[in-house]
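K.L.:
I am sharing structure_25.cif, which consists of mmCIF, C-alpha atoms; chains and numbers go by the auth columns:
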data_coords
#
loop_
_atom_site.group_PDB
_atom_site.id
_atom_site.type_symbol
_atom_site.label_atom_id
_atom_site.label_comp_id
_atom_site.label_asym_id
_atom_site.label_seq_id
_atom_site.Cartn_x
_atom_site.Cartn_y
_atom_site.Cartn_z
_atom_site.B_iso_or_equiv
_atom_site.auth_seq_id
_atom_site.auth_asym_id
ATOM 1 C CA MET A 1 -3.775 25.872 1.292 0.00 55 X
ATOM 2 C CA TYR A 2 -3.235 24.474 -2.158 0.00 56 X
ATOM 3 C CA SER A 3 -6.104 24.285 -4.678 0.00 57 X
ATOM 4 C CA PHE A 4 -6.714 23.323 -8.268 0.00 58 X
ATOM 5 C CA THR A 5 -9.830 23.379 -10.444 0.00 59 X
ATOM 6 C CA SER A 6 -11.186 20.653 -12.678 0.00 60 X
ATOM 7 C CA ARG A 7 -14.296 19.347 -14.396 0.00 61 X
ATOM 8 C CA ILE A 8 -15.844 15.947 -13.731 0.00 62 X
ATOM 9 C CA ARG A 9 -15.023 13.645 -16.632 0.00 63 X
ATOM 10 C CA PHE A 10 -16.984 10.763 -18.166 0.00 64 X
ATOM 11 C CA SER A 11 -14.203 8.363 -17.125 0.00 65 X
ATOM 12 C CA GLU A 12 -14.696 9.351 -13.451 0.00 66 X
ATOM 13 C CA VAL A 13 -18.434 8.722 -13.002 0.00 67 X
ATOM 14 C CA ASP A 14 -20.632 5.730 -12.222 0.00 68 X
ATOM 15 C CA THR A 15 -23.729 4.444 -14.017 0.00 69 X
ATOM 16 C CA HIS A 16 -25.754 7.322 -12.483 0.00 70 X
ATOM 17 C CA LEU A 17 -23.231 9.922 -13.753 0.00 71 X
ATOM 18 C CA ASN A 18 -22.036 10.650 -10.190 0.00 72 X
ATOM 19 C CA LEU A 19 -18.333 10.957 -9.388 0.00 73 X
ATOM 20 C CA THR A 20 -17.166 7.649 -7.899 0.00 74 X
ATOM 21 C CA LEU A 21 -15.566 7.442 -4.469 0.00 75 X
ATOM 22 C CA GLY A 22 -12.417 6.038 -6.025 0.00 76 X
ATOM 23 C CA SER A 23 -12.220 9.085 -8.292 0.00 77 X
ATOM 24 C CA VAL A 24 -12.683 11.391 -5.279 0.00 78 X
ATOM 25 C CA ILE A 25 -9.600 9.801 -3.729 0.00 79 X
ATOM 26 C CA ASP A 26 -7.690 10.166 -6.997 0.00 80 X
ATOM 27 C CA TYR A 27 -8.507 13.904 -6.945 0.00 81 X
ATOM 28 C CA PHE A 28 -7.396 14.244 -3.324 0.00 82 X
ATOM 29 C CA GLN A 29 -4.167 12.306 -3.864 0.00 83 X
ATOM 30 C CA ASP A 30 -3.387 14.383 -6.940 0.00 84 X
ATOM 31 C CA CYS A 31 -4.022 17.563 -4.957 0.00 85 X
ATOM 32 C CA SER A 32 -1.565 16.630 -2.205 0.00 86 X
ATOM 33 C CA THR A 33 1.005 15.662 -4.855 0.00 87 X
ATOM 34 C CA PHE A 34 0.527 19.017 -6.637 0.00 88 X
ATOM 35 C CA HIS A 35 0.923 20.758 -3.272 0.00 89 X
ATOM 36 C CA SER A 36 4.245 18.982 -2.673 0.00 90 X
ATOM 37 C CA GLU A 37 5.411 19.880 -6.183 0.00 91 X
ATOM 38 C CA ALA A 38 4.460 23.529 -5.646 0.00 92 X
ATOM 39 C CA VAL A 39 6.553 23.884 -2.469 0.00 93 X
ATOM 40 C CA GLY A 40 9.585 22.006 -3.779 0.00 94 X
ATOM 41 C CA MET A 41 8.985 18.797 -1.822 0.00 95 X
ATOM 42 C CA ASN A 42 8.308 16.653 -4.860 0.00 96 X
ATOM 43 C CA ILE A 43 9.037 12.955 -5.276 0.00 97 X
ATOM 44 C CA ALA A 44 12.583 13.566 -6.560 0.00 98 X
ATOM 45 C CA ARG A 45 13.429 15.819 -3.613 0.00 99 X
ATOM 46 C CA LEU A 46 12.072 13.367 -1.033 0.00 100 X
ATOM 47 C CA SER A 47 13.861 10.499 -2.759 0.00 101 X
ATOM 48 C CA ALA A 48 17.176 12.381 -2.485 0.00 102 X
ATOM 49 C CA MET A 49 16.464 12.896 1.233 0.00 103 X
ATOM 50 C CA LYS A 50 15.663 9.156 1.673 0.00 104 X
ATOM 51 C CA ARG A 51 12.233 10.135 2.947 0.00 105 X
ATOM 52 C CA ALA A 52 8.618 9.494 1.985 0.00 106 X
ATOM 53 C CA TRP A 53 5.115 10.293 3.215 0.00 107 X
ATOM 54 C CA ILE A 54 3.039 7.110 3.555 0.00 108 X
ATOM 55 C CA LEU A 55 -0.737 7.304 3.912 0.00 109 X
ATOM 56 C CA SER A 56 -2.014 5.698 7.117 0.00 110 X
ATOM 57 C CA SER A 57 -5.747 6.430 7.042 0.00 111 X
ATOM 58 C CA TRP A 58 -8.634 8.202 5.316 0.00 112 X
ATOM 59 C CA GLN A 59 -11.905 9.573 6.615 0.00 113 X
ATOM 60 C CA ILE A 60 -14.020 10.843 3.723 0.00 114 X
ATOM 61 C CA VAL A 61 -17.488 12.401 3.973 0.00 115 X
ATOM 62 C CA PRO A 62 -19.396 12.949 0.710 0.00 116 X
ATOM 63 C CA VAL A 63 -22.091 15.588 1.254 0.00 117 X
ATOM 64 C CA ARG A 64 -23.065 15.341 -2.416 0.00 118 X
ATOM 65 C CA LEU A 65 -21.055 13.651 -5.134 0.00 119 X
ATOM 66 C CA PRO A 66 -20.758 15.960 -8.157 0.00 120 X
ATOM 67 C CA LYS A 67 -22.088 14.853 -11.525 0.00 121 X
ATOM 68 C CA LEU A 68 -20.605 14.609 -14.989 0.00 122 X
ATOM 69 C CA GLY A 69 -19.523 17.994 -16.313 0.00 123 X
ATOM 70 C CA GLU A 70 -19.621 19.883 -12.993 0.00 124 X
ATOM 71 C CA LYS A 71 -16.720 22.213 -12.298 0.00 125 X
ATOM 72 C CA VAL A 72 -15.028 21.649 -8.945 0.00 126 X
ATOM 73 C CA THR A 73 -12.217 23.050 -6.846 0.00 127 X
ATOM 74 C CA VAL A 74 -10.084 20.592 -4.888 0.00 128 X
ATOM 75 C CA SER A 75 -8.123 21.915 -1.891 0.00 129 X
ATOM 76 C CA THR A 76 -5.773 20.551 0.739 0.00 130 X
ATOM 77 C CA TRP A 77 -3.765 21.805 3.711 0.00 131 X
ATOM 78 C CA PRO A 78 -1.889 20.333 6.706 0.00 132 X
ATOM 79 C CA TYR A 79 -3.159 21.174 10.176 0.00 133 X
ATOM 80 C CA ALA A 80 -0.808 19.286 12.533 0.00 134 X
ATOM 81 C CA PHE A 81 2.493 17.440 12.874 0.00 135 X
ATOM 82 C CA LYS A 82 2.935 15.109 15.857 0.00 136 X
ATOM 83 C CA GLY A 83 6.038 12.961 16.095 0.00 137 X
ATOM 84 C CA PHE A 84 6.223 11.053 12.811 0.00 138 X
ATOM 85 C CA PHE A 85 2.558 11.767 11.935 0.00 139 X
ATOM 86 C CA GLY A 86 1.276 14.442 9.573 0.00 140 X
ATOM 87 C CA TYR A 87 -2.422 15.431 9.468 0.00 141 X
ATOM 88 C CA ARG A 88 -4.027 16.841 6.329 0.00 142 X
ATOM 89 C CA ASN A 89 -7.557 17.982 5.376 0.00 143 X
ATOM 90 C CA PHE A 90 -9.131 17.970 1.919 0.00 144 X
ATOM 91 C CA THR A 91 -12.244 19.536 0.405 0.00 145 X
ATOM 92 C CA MET A 92 -13.992 19.435 -2.948 0.00 146 X
ATOM 93 C CA THR A 93 -16.292 22.387 -3.606 0.00 147 X
ATOM 94 C CA GLY A 94 -18.653 23.376 -6.424 0.00 148 X
ATOM 95 C CA GLU A 95 -18.676 26.549 -8.496 0.00 149 X
ATOM 96 C CA ASP A 96 -20.957 28.250 -5.970 0.00 150 X
ATOM 97 C CA GLY A 97 -18.676 27.343 -3.050 0.00 151 X
ATOM 98 C CA GLU A 98 -20.863 24.445 -1.876 0.00 152 X
ATOM 99 C CA CYS A 99 -18.771 21.859 0.013 0.00 153 X
ATOM 100 C CA LEU A 100 -19.359 18.600 -1.855 0.00 154 X
ATOM 101 C CA VAL A 101 -16.847 16.322 -0.120 0.00 155 X
ATOM 102 C CA TYR A 102 -14.540 16.799 2.856 0.00 156 X
ATOM 103 C CA ALA A 103 -11.904 14.550 4.348 0.00 157 X
ATOM 104 C CA ASN A 104 -9.252 13.949 6.946 0.00 158 X
ATOM 105 C CA SER A 105 -6.075 11.994 6.308 0.00 159 X
ATOM 106 C CA ILE A 106 -3.185 10.845 8.489 0.00 160 X
ATOM 107 C CA TRP A 107 0.284 10.273 7.066 0.00 161 X
ATOM 108 C CA ILE A 108 3.499 8.688 8.371 0.00 162 X
ATOM 109 C CA TYR A 109 6.913 10.226 7.634 0.00 163 X
ATOM 110 C CA LEU A 110 9.232 7.373 6.665 0.00 164 X
ATOM 111 C CA ASP A 111 12.972 6.815 6.353 0.00 165 X
ATOM 112 C CA THR A 112 13.128 4.854 3.085 0.00 166 X
ATOM 113 C CA GLU A 113 16.528 3.352 3.894 0.00 167 X
ATOM 114 C CA THR A 114 15.451 1.791 7.197 0.00 168 X
ATOM 115 C CA GLY A 115 11.757 1.464 6.402 0.00 169 X
ATOM 116 C CA ARG A 116 10.966 2.970 9.791 0.00 170 X
ATOM 117 C CA PRO A 117 9.001 6.108 10.745 0.00 171 X
ATOM 118 C CA VAL A 118 11.026 9.180 11.718 0.00 172 X
ATOM 119 C CA LYS A 119 10.100 12.450 13.387 0.00 173 X
ATOM 120 C CA VAL A 120 8.904 15.141 10.991 0.00 174 X
ATOM 121 C CA ASP A 121 11.867 17.475 10.419 0.00 175 X
ATOM 122 C CA GLU A 122 11.924 21.259 10.346 0.00 176 X
ATOM 123 C CA GLU A 123 12.288 21.375 6.571 0.00 177 X
ATOM 124 C CA GLN A 124 8.920 19.656 6.180 0.00 178 X
ATOM 125 C CA LYS A 125 7.296 21.934 8.745 0.00 179 X
ATOM 126 C CA THR A 126 8.655 25.028 6.986 0.00 180 X
ATOM 127 C CA SER A 127 7.539 23.775 3.572 0.00 181 X
ATOM 128 C CA PHE A 128 4.009 23.021 4.761 0.00 182 X
ATOM 129 C CA PRO A 129 2.763 25.774 7.119 0.00 183 X
ATOM 130 C CA LEU A 130 -0.121 24.625 9.302 0.00 184 X
ATOM 131 C CA GLU A 131 -3.625 25.983 8.821 0.00 185 X
ATOM 132 C CA GLU A 132 -6.965 25.802 10.615 0.00 186 X
ATOM 133 C CA LYS A 133 -8.367 22.328 11.187 0.00 187 X
ATOM 134 C CA PHE A 134 -11.531 21.618 9.157 0.00 188 X
ATOM 135 C CA PRO A 135 -14.705 21.594 11.329 0.00 189 X
ATOM 136 C CA MET A 136 -15.799 17.955 11.172 0.00 190 X
ATOM 137 C CA GLU A 137 -16.364 15.043 13.520 0.00 191 X
ATOM 138 C CA TYR A 138 -13.009 13.246 13.559 0.00 192 X
ATOM 139 C CA ALA A 139 -12.929 9.457 13.777 0.00 193 X
ATOM 140 C CA ASP A 140 -10.181 7.358 15.313 0.00 194 X
ATOM 141 C CA ARG A 141 -7.629 6.236 12.725 0.00 195 X
ATOM 142 C CA LYS A 142 -7.860 2.641 14.001 0.00 196 X
ATOM 143 C CA ILE A 143 -10.757 0.553 12.669 0.00 197 X
ATOM 144 C CA CYS A 144 -12.312 -2.159 14.810 0.00 198 X
ATOM 145 C CA VAL A 145 -12.597 -5.248 12.597 0.00 199 X
ATOM 146 C CA PRO A 146 -15.571 -7.576 13.285 0.00 200 X
ATOM 147 C CA GLU A 147 -14.650 -11.034 14.552 0.00 201 X
ATOM 148 C CA GLU A 148 -16.873 -12.805 12.051 0.00 202 X
ATOM 149 C CA MET A 149 -16.387 -11.959 8.385 0.00 203 X
ATOM 150 C CA GLU A 150 -17.448 -13.748 5.237 0.00 204 X
ATOM 151 C CA GLU A 151 -14.590 -14.707 2.932 0.00 205 X
ATOM 152 C CA GLN A 152 -15.009 -13.760 -0.735 0.00 206 X
ATOM 153 C CA GLU A 153 -13.304 -14.997 -3.877 0.00 207 X
ATOM 154 C CA SER A 154 -9.611 -14.137 -3.884 0.00 208 X
ATOM 155 C CA PHE A 155 -7.766 -12.388 -6.724 0.00 209 X
ATOM 156 C CA GLN A 156 -4.219 -11.483 -7.681 0.00 210 X
ATOM 157 C CA VAL A 157 -2.675 -8.004 -7.737 0.00 211 X
ATOM 158 C CA ALA A 158 -2.221 -6.879 -11.364 0.00 212 X
ATOM 159 C CA LYS A 159 0.077 -4.274 -12.909 0.00 213 X
ATOM 160 C CA HIS A 160 -2.712 -1.695 -13.246 0.00 214 X
ATOM 161 C CA HIS A 161 -3.160 -1.713 -9.449 0.00 215 X
ATOM 162 C CA LEU A 162 0.386 -0.443 -8.792 0.00 216 X
ATOM 163 C CA ASP A 163 1.809 3.019 -8.140 0.00 217 X
ATOM 164 C CA ILE A 164 5.340 4.372 -8.679 0.00 218 X
ATOM 165 C CA ASN A 165 6.546 2.516 -5.564 0.00 219 X
ATOM 166 C CA HIS A 166 5.372 -0.798 -7.088 0.00 220 X
ATOM 167 C CA HIS A 167 2.778 -1.095 -4.311 0.00 221 X
ATOM 168 C CA VAL A 168 -0.983 -1.222 -4.751 0.00 222 X
ATOM 169 C CA ASN A 169 -2.120 2.407 -5.047 0.00 223 X
ATOM 170 C CA ASN A 170 -4.088 3.740 -2.061 0.00 224 X
ATOM 171 C CA ALA A 171 -7.162 4.455 -4.178 0.00 225 X
ATOM 172 C CA GLN A 172 -7.145 0.956 -5.674 0.00 226 X
ATOM 173 C CA TYR A 173 -7.965 -0.643 -2.299 0.00 227 X
ATOM 174 C CA ILE A 174 -11.116 1.480 -2.058 0.00 228 X
ATOM 175 C CA LYS A 175 -12.085 0.622 -5.649 0.00 229 X
ATOM 176 C CA MET A 176 -11.651 -3.068 -4.793 0.00 230 X
ATOM 177 C CA ALA A 177 -13.778 -2.749 -1.648 0.00 231 X
ATOM 178 C CA GLU A 178 -16.549 -0.820 -3.441 0.00 232 X
ATOM 179 C CA GLU A 179 -17.328 -3.997 -5.382 0.00 233 X
ATOM 180 C CA TYR A 180 -19.041 -5.364 -2.250 0.00 234 X
ATOM 181 C CA LEU A 181 -21.373 -2.405 -1.715 0.00 235 X
ATOM 182 C CA PRO A 182 -25.023 -3.294 -2.374 0.00 236 X
ATOM 183 C CA GLU A 183 -26.820 -1.554 -5.237 0.00 237 X
ATOM 184 C CA GLY A 184 -28.245 1.813 -4.170 0.00 238 X
ATOM 185 C CA PHE A 185 -26.019 2.100 -1.084 0.00 239 X
ATOM 186 C CA ALA A 186 -26.159 5.762 0.056 0.00 240 X
ATOM 187 C CA LEU A 187 -22.757 6.542 1.528 0.00 241 X
ATOM 188 C CA LYS A 188 -22.561 8.793 4.588 0.00 242 X
ATOM 189 C CA GLU A 189 -18.878 8.270 5.387 0.00 243 X
ATOM 190 C CA MET A 190 -15.960 6.029 4.485 0.00 244 X
ATOM 191 C CA GLN A 191 -12.937 5.206 6.632 0.00 245 X
ATOM 192 C CA THR A 192 -9.812 3.368 5.549 0.00 246 X
ATOM 193 C CA GLU A 193 -6.878 2.094 7.573 0.00 247 X
ATOM 194 C CA TYR A 194 -3.814 0.959 5.641 0.00 248 X
ATOM 195 C CA LYS A 195 -1.883 -1.872 7.288 0.00 249 X
ATOM 196 C CA LYS A 196 0.761 -3.067 4.836 0.00 250 X
ATOM 197 C CA ALA A 197 1.505 -2.778 1.120 0.00 251 X
ATOM 198 C CA ALA A 198 0.367 -5.400 -1.386 0.00 252 X
ATOM 199 C CA MET A 199 2.651 -5.940 -4.381 0.00 253 X
ATOM 200 C CA LEU A 200 2.460 -7.454 -7.848 0.00 254 X
ATOM 201 C CA HIS A 201 1.086 -11.023 -7.902 0.00 255 X
ATOM 202 C CA ASP A 202 0.206 -10.962 -4.194 0.00 256 X
ATOM 203 C CA VAL A 203 -3.087 -12.741 -3.568 0.00 257 X
ATOM 204 C CA ILE A 204 -5.799 -10.611 -1.942 0.00 258 X
ATOM 205 C CA VAL A 205 -8.556 -12.339 0.015 0.00 259 X
ATOM 206 C CA PRO A 206 -11.543 -10.023 0.663 0.00 260 X
ATOM 207 C CA ARG A 207 -13.427 -10.549 3.916 0.00 261 X
ATOM 208 C CA VAL A 208 -16.766 -8.784 4.366 0.00 262 X
ATOM 209 C CA ALA A 209 -19.060 -8.078 7.329 0.00 263 X
ATOM 210 C CA ARG A 210 -22.433 -6.308 7.370 0.00 264 X
ATOM 211 C CA GLU A 211 -23.686 -4.822 10.648 0.00 265 X
ATOM 212 C CA ASP A 212 -26.676 -2.457 10.962 0.00 266 X
ATOM 213 C CA GLY A 213 -26.304 -1.440 7.341 0.00 267 X
ATOM 214 C CA ARG A 214 -22.595 -0.719 7.765 0.00 268 X
ATOM 215 C CA LEU A 215 -20.203 -2.607 5.502 0.00 269 X
ATOM 216 C CA THR A 216 -16.679 -3.524 6.622 0.00 270 X
ATOM 217 C CA VAL A 217 -14.257 -4.880 4.031 0.00 271 X
ATOM 218 C CA ALA A 218 -10.849 -6.280 4.998 0.00 272 X
ATOM 219 C CA LEU A 219 -8.524 -6.961 2.079 0.00 273 X
ATOM 220 C CA THR A 220 -6.161 -9.569 3.500 0.00 274 X
ATOM 221 C CA ASP A 221 -3.412 -11.975 2.524 0.00 275 X
ATOM 222 C CA ALA A 222 -4.018 -15.734 2.505 0.00 276 X
ATOM 223 C CA GLY A 223 -3.239 -15.905 6.222 0.00 277 X
ATOM 224 C CA GLY A 224 -5.837 -13.265 7.112 0.00 278 X
ATOM 225 C CA SER A 225 -3.384 -10.423 7.768 0.00 279 X
ATOM 226 C CA PRO A 226 -4.941 -7.228 6.328 0.00 280 X
ATOM 227 C CA TYR A 227 -3.432 -4.994 3.690 0.00 281 X
ATOM 228 C CA ALA A 228 -6.223 -2.455 4.194 0.00 282 X
ATOM 229 C CA VAL A 229 -9.552 -2.228 6.032 0.00 283 X
ATOM 230 C CA MET A 230 -12.492 -0.095 4.886 0.00 284 X
ATOM 231 C CA VAL A 231 -15.743 0.813 6.642 0.00 285 X
ATOM 232 C CA PHE A 232 -18.653 2.221 4.642 0.00 286 X
ATOM 233 C CA GLN A 233 -21.278 3.954 6.803 0.00 287 X
ATOM 234 C CA PRO A 234 -24.743 4.321 5.219 0.00 288 X
ATOM 235 C CA LYS A 235 -26.885 7.429 5.374 0.00 289 X
ATOM 236 C CA THR A 236 -29.912 7.037 7.613 0.00 290 X
ATOM 237 C CA LYS A 237 -33.390 7.068 6.122 0.00 291 X
ATOM 238 C CA GLU A 238 -34.029 10.387 7.882 0.00 292 X
ATOM 239 C CA THR A 239 -30.941 11.948 6.323 0.00 293 X
ATOM 240 C CA ARG A 240 -31.949 10.807 2.857 0.00 294 X
ATOM 241 C CA VAL A 241 -35.438 12.279 3.275 0.00 295 X
ATOM 242 C CA GLN A 242 -33.945 15.598 4.431 0.00 296 X
ATOM 243 C CA GLU A 243 -31.643 15.701 1.378 0.00 297 X
ATOM 244 C CA TYR A 244 -34.531 14.930 -0.983 0.00 298 X
ATOM 245 C CA THR A 245 -36.955 17.484 0.511 0.00 299 X
ATOM 246 C CA GLY A 246 -34.464 20.087 1.700 0.00 300 X
ATOM 247 C CA ALA A 247 -35.905 19.804 5.210 0.00 301 X
ATOM 248 C CA LYS A 248 -33.784 20.410 8.284 0.00 302 X
ATOM 249 C CA THR A 249 -34.140 19.187 11.836 0.00 303 X
ATOM 250 C CA GLU A 250 -33.835 21.606 14.734 0.00 304 X
#
Translate this structure into structure tokens?
P.N.:
Amino acid sequence: MYSFTSRIRFSEVDTHLNLTLGSVIDYFQDCSTFHSEAVGMNIARLSAMKRAWILSSWQIVPVRLPKLGEKVTVSTWPYAFKGFFGYRNFTMTGEDGECLVYANSIWIYLDTETGRPVKVDEEQKTSFPLEEKFPMEYADRKICVPEEMEEQESFQVAKHHLDINHHVNNAQYIKMAEEYLPEGFALKEMQTEYKKAAMLHDVIVPRVAREDGRLTVALTDAGGSPYAVMVFQPKTKETRVQEYTGAKTE
């Protein structure tokens, strides 16, 4: 397991002083990058090997989003390698050890010369020893997209959306999709499936569907082919009452 500590900054919170979901993902991505740096599998090393880890999907469950000024510990560890897939858990905990956010992620090991997935090699497995899988309800990495979705106003990819690979950063897609959440939406769980990379000046067409309180956002190209798909599951009324009162069901 790799961990680092931090404190929630003003630049990372929303209008209610809660850490934003996009900032949670920034913390998690930073943690996995720090882990790679710590074991000698940094960006330079992978580049020399003509390899890269590409994020395929997220499943993030916020138990309670920390507030401005709270001290947190962010942790990550791999729990499985299967073919060209790598599986990695994340947690964010408070000073008292309370689990604030937990997550599952699935990654694809890529040959950067061919652009095709390759089987995870022994050097990766040795560098990242497997640990116990986090006890959570695991969702399928594939998201079922509703047939009928409402098209929103399109926009162009800007420079500030890009990462070092000149693709839209993984967290940026979630920040884009959050714009369509209704005010006061209480998030139970968020899932993301990444389909293809958007690049500078690409046009993104958001398509949105609302079903039983759940919000699905597909960020697509002009032809409707998705770059990324997000599903935001709301907390039930019962769950919100339990959190407010501290009550528990048997």
K.L.:
What's around Met253 of chain X at 12 Å? Count all atoms listed in the file, leave out sequence neighbours fewer than 5 positions away in its own chain, and write the answer as JSON, numbers by chain.
P.N.:
{"X": [210, 211, 212, 213, 214, 215, 216, 217, 218, 219, 220, 221, 222, 223, 258, 275, 281]}
K.L.:
Would you list the contacts of Phe138 of chain X as a ChimeraX atom specification, taking every protein, DNA or RNA residue within 9 Å and counting only C-alpha atoms, but skipping same-chain residues closer than 4 positions in sequence?
P.N.:
/X:161-164,171-175
K.L.:
For the residues in that selection, give me C-alpha atoms as a PDB file, keeping the file's coordinate frame.
P.N.:
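Once everything was written out, this is again08.pdb:
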ATOM      1  CA  TRP X 161       0.284  10.273   7.066  1.00  0.00           C
ATOM      2  CA  ILE X 162       3.499   8.688   8.371  1.00  0.00           C
ATOM      3  CA  TYR X 163       6.913  10.226   7.634  1.00  0.00           C
ATOM      4  CA  LEU X 164       9.232   7.373   6.665  1.00  0.00           C
ATOM      5  CA  PRO X 171       9.001   6.108  10.745  1.00  0.00           C
ATOM      6  CA  VAL X 172      11.026   9.180  11.718  1.00  0.00           C
ATOM      7  CA  LYS X 173      10.100  12.450  13.387  1.00  0.00           C
ATOM      8  CA  VAL X 174       8.904  15.141  10.991  1.00  0.00           C
ATOM      9  CA  ASP X 175      11.867  17.475  10.419  1.00  0.00           C
TER      10      ASP X 175
END
K.L.:
Since I can't run it myself right now, could you work out what the PyMOL selection byres ((chain X and resi 73-79) around 10) selects here and report it as a PyMOL selection string?
P.N.:
chain X and resi 62-72+80-85+112+114-116+118-124+128+144-146+155-157+224-232+241+244
K.L.:
Find, counting all atoms listed in the file, the residue in X:Ala92, X:Ala282, X:Ser181, X:Thr59 that gets nearest to Lys250 of chain X.
P.N.:
X:Ala282
K.L.:
Find the residues of segment 178-217 of chain X that sit at most 10 Å from segment 267-273 of chain X; for each, write down the nearest two atoms and how far apart they are in Å, to one decimal. Count only C-alpha atoms. Sort by chain, then by number going up, and give it as a Markdown table.
P.N.:
| residue | atom | partner | partner_atom | distance |
| --- | --- | --- | --- | --- |
| X:Ile197 | CA | X:Thr270 | CA | 9.4 |
| X:Cys198 | CA | X:Thr270 | CA | 9.4 |
| X:Val199 | CA | X:Thr270 | CA | 7.4 |
| X:Pro200 | CA | X:Thr270 | CA | 7.9 |
| X:Met203 | CA | X:Val271 | CA | 8.6 |
| X:Glu204 | CA | X:Val271 | CA | 9.5 |
| X:Glu205 | CA | X:Ala272 | CA | 9.4 |
| X:Gln206 | CA | X:Leu273 | CA | 9.8 |
| X:Ser208 | CA | X:Leu273 | CA | 9.4 |
K.L.:
Any idea what's packed within 12 Å of Ala102 of chain X, counting all atoms listed in the file, ignoring anything in its chain fewer than 5 positions away? Could you give it as a short mmCIF file (atom, residue, chain, number, x, y, z; two decimals) with C-alpha atoms, in the coordinates of the input?
P.N.:
data_model
loop_
_atom_site.label_atom_id
_atom_site.label_comp_id
_atom_site.auth_asym_id
_atom_site.auth_seq_id
_atom_site.Cartn_x
_atom_site.Cartn_y
_atom_site.Cartn_z
CA MET X 95 8.98 18.80 -1.82
CA ASN X 96 8.31 16.65 -4.86
CA ILE X 97 9.04 12.96 -5.28
CA ASP X 165 12.97 6.82 6.35
CA THR X 166 13.13 4.85 3.08
CA GLU X 167 16.53 3.35 3.89
#
K.L.:
Which residues are near His89 of chain X? Cut-off 9 Å, only C-alpha atoms, ignore same chain within fewer than 5 positions. Put them as a PyMOL selection string.
P.N.:
chain X and resi 55-57+84+94-96+130-131+182
K.L.:
What would the selection look like, as a list in words, if the PyMOL selection byres ((chain X and resi 140) around 9) were run on the coordinates I just shared?
P.N.:
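Selected by the PyMOL selection byres ((chain X and resi 140) around 9) in this file: Trp107, Pro132, Tyr133, Ala134, Phe135, Lys136, Gly137, Phe138, Phe139, Tyr141, Arg142, Ser159, Ile160, Trp161, Ile162, Tyr163 and Val174 of chain X.
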K.L.:
Which residues would end up in the selection if the PyMOL selection byres ((chain X and resi 111) around 9) were applied here, given that I need the answer as a ChimeraX atom specification?
P.N.:
/X:109-110,112-113,158-161,195-196,245-248
K.L.:
Suppose you want the space between atom CA of Pro260 of chain X and atom CA of Gln287 of chain X; what is it in Å?
P.N.:
18.1 Å
K.L.:
Could you jot down the atom CA of Pro288 of chain X to atom CA of Cys153 of chain X separation for me, Å, one decimal place?
P.N.:
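Between these atoms lies a distance of 19.2 Å.
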K.L.:
Would you mind reading off the distance between atom CA of Glu265 of chain X and atom CA of Val117 of chain X, one decimal, in Å?
P.N.:
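Computing it gives 22.5 Å between the two atoms.
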